[in-house]
$ cat entry39.cif   # mmCIF, C-alpha atoms
data_my_file
loop_
_atom_site.group_PDB
_atom_site.id
_atom_site.type_symbol
_atom_site.label_atom_id
_atom_site.label_comp_id
_atom_site.auth_asym_id
_atom_site.auth_seq_id
_atom_site.Cartn_x
_atom_site.Cartn_y
_atom_site.Cartn_z
ATOM 1 C CA MET A 648 61.262 -71.483 -4.459
ATOM 2 C CA ALA A 649 61.441 -70.088 -0.907
ATOM 3 C CA ALA A 650 61.273 -66.502 -2.181
ATOM 4 C CA PHE A 651 58.165 -67.355 -4.192
ATOM 5 C CA LEU A 652 56.444 -68.916 -1.177
ATOM 6 C CA ARG A 653 57.423 -65.925 0.957
ATOM 7 C CA ARG A 654 55.772 -63.587 -1.583
ATOM 8 C CA VAL A 655 52.668 -65.771 -1.636
ATOM 9 C CA GLY A 656 52.544 -65.737 2.168
ATOM 10 C CA TRP A 657 52.922 -61.958 2.327
ATOM 11 C CA SER A 658 50.266 -61.515 -0.351
ATOM 12 C CA LEU A 659 47.777 -63.646 1.564
ATOM 13 C CA THR A 660 48.589 -62.013 4.910
ATOM 14 C CA VAL A 661 48.238 -58.468 3.589
ATOM 15 C CA GLY A 662 45.029 -59.396 1.770
ATOM 16 C CA PHE A 663 43.462 -60.958 4.874
ATOM 17 C CA VAL A 664 44.477 -58.034 7.091
ATOM 18 C CA TRP A 665 43.013 -55.597 4.552
ATOM 19 C CA LEU A 666 39.799 -57.627 4.443
ATOM 20 C CA ALA A 667 39.553 -57.816 8.245
ATOM 21 C CA VAL A 668 40.083 -54.068 8.684
ATOM 22 C CA ASN A 669 37.464 -53.198 6.085
ATOM 23 C CA ALA A 670 34.936 -55.759 7.305
ATOM 24 C CA THR A 671 35.324 -54.543 10.889
ATOM 25 C CA ALA A 672 34.945 -50.899 9.873
ATOM 26 C CA ALA A 673 31.946 -51.727 7.703
ATOM 27 C CA ILE A 674 29.962 -53.943 10.031
ATOM 28 C CA LYS A 675 30.948 -52.966 13.561
ATOM 29 C CA GLY A 676 31.053 -49.278 12.770
ATOM 30 C CA ASP A 677 27.801 -49.601 10.756
ATOM 31 C CA ASN A 678 29.415 -47.539 8.010
ATOM 32 C CA ALA A 679 28.751 -49.693 4.957
ATOM 33 C CA PHE A 680 24.992 -49.642 5.396
ATOM 34 C CA ILE A 681 23.099 -46.584 4.230
ATOM 35 C CA GLY A 682 19.954 -46.008 6.255
ATOM 36 C CA ASP A 683 17.535 -43.157 5.694
ATOM 37 C CA HIS A 684 20.292 -40.858 4.489
ATOM 38 C CA ILE A 685 24.016 -40.859 3.754
ATOM 39 C CA THR A 686 26.120 -40.028 6.795
ATOM 40 C CA LEU A 687 29.676 -38.755 7.118
ATOM 41 C CA GLY A 688 30.675 -42.240 8.294
ATOM 42 C CA ASN A 689 29.357 -43.730 5.033
ATOM 43 C CA VAL A 690 31.283 -41.237 2.924
ATOM 44 C CA LEU A 691 34.524 -41.707 4.875
ATOM 45 C CA PHE A 692 34.223 -45.498 4.817
ATOM 46 C CA TYR A 693 33.679 -45.719 1.066
ATOM 47 C CA LEU A 694 36.411 -43.158 0.418
ATOM 48 C CA TRP A 695 38.789 -45.195 2.594
ATOM 49 C CA PHE A 696 37.678 -48.388 0.842
ATOM 50 C CA ILE A 697 38.438 -47.055 -2.652
ATOM 51 C CA ILE A 698 41.796 -45.579 -1.603
ATOM 52 C CA SER A 699 42.799 -48.766 0.233
ATOM 53 C CA VAL A 700 41.914 -50.952 -2.778
ATOM 54 C CA ILE A 701 44.170 -48.805 -4.964
ATOM 55 C CA ILE A 702 46.988 -49.000 -2.394
ATOM 56 C CA LEU A 703 46.541 -52.781 -2.120
ATOM 57 C CA ILE A 704 46.729 -53.219 -5.896
ATOM 58 C CA LEU A 705 49.847 -51.021 -6.114
ATOM 59 C CA PHE A 706 51.426 -53.021 -3.284
ATOM 60 C CA TYR A 707 50.735 -56.294 -5.103
ATOM 61 C CA LYS A 708 52.043 -54.909 -8.399
ATOM 62 C CA LYS A 709 55.252 -53.721 -6.740
ATOM 63 C CA MET A 710 55.720 -57.011 -4.915
ATOM 64 C CA TRP A 711 55.228 -59.195 -7.986
ATOM 65 C CA ARG A 712 56.697 -56.959 -10.703
ATOM 66 C CA GLY A 713 59.723 -58.359 -12.468
ATOM 67 C CA LYS A 714 59.976 -61.454 -10.318
ATOM 68 C CA ASP A 715 61.160 -64.471 -12.243
ATOM 69 C CA MET A 716 58.643 -67.243 -11.589
ATOM 70 C CA GLU A 717 61.038 -69.967 -12.798
ATOM 71 C CA GLN A 718 63.420 -69.742 -9.842
#
$ encode --input "entry39.cif" --output "structure tokens"
Amino acid sequence: MAAFLRRVGWSLTVGFVWLAVNATAAIKGDNAFIGDHITLGNVLFYLWFIISVIILILFYKKMWRGKDMEQ
């Protein structure tokens, strides 16, 4: 049961850190909002966002793969 709760805790922590990093880069850096034209910051932010979502999903799959939920 402790291993399960540890995985849940890590999943939530990594998810919240990922969300905080992306929200900060999007809002504070003004990269998520497209004004009159697309800037390099917009392209880099959305590229980073897509790559980081894929990495986050792979991390979750690796963490939870093959773990017996009964124990």
$ closest_residue --input "entry39.cif" --among "A:Arg712, A:Ile674, A:Asn669, A:Ile685" --to "Ile697 in chain A" --atoms "all atoms listed in the file"
A:Asn669
$ residues_near_point --input "entry39.cif" --point "(51.5, -63.6, -5.6)" --cutoff "8 Å" --atoms "only C-alpha atoms" --output "PyMOL selection string"
chain A and resi 651+654-655+658+707+710-711
$ residues_around --input "entry39.cif" --residues "Phe680 in chain A" --least-positions-apart "6" --cutoff "12 Å" --atoms "all atoms listed in the file" --output "list in words"
Ala670, Ala672, Ala673, Ile674, Thr686, Leu687, Gly688, Asn689, Val690, Phe692 and Tyr693 of chain A
$ atom_distance --input "entry39.cif" --atom1 "CA of Asp677 in chain A" --atom2 "CA of Leu694 in chain A"
14.9 Å
$ atom_distance --input "entry39.cif" --atom1 "CA of Val668 in chain A" --atom2 "CA of Gly682 in chain A"
21.8 Å
$ atom_distance --input "entry39.cif" --atom1 "CA of Leu652 in chain A" --atom2 "CA of Ile701 in chain A"
23.9 Å
$ closest_residue --input "entry39.cif" --among "A:Asn678, A:Gly713, A:Val664, A:Asp683" --to "Ser699 in chain A" --atoms "all atoms listed in the file"
A:Val664
$ closest_residue --input "entry39.cif" --among "A:Ala649, A:Gly676, A:Ile704, A:Trp665" --to "Leu691 in chain A" --atoms "all atoms listed in the file"
A:Gly676
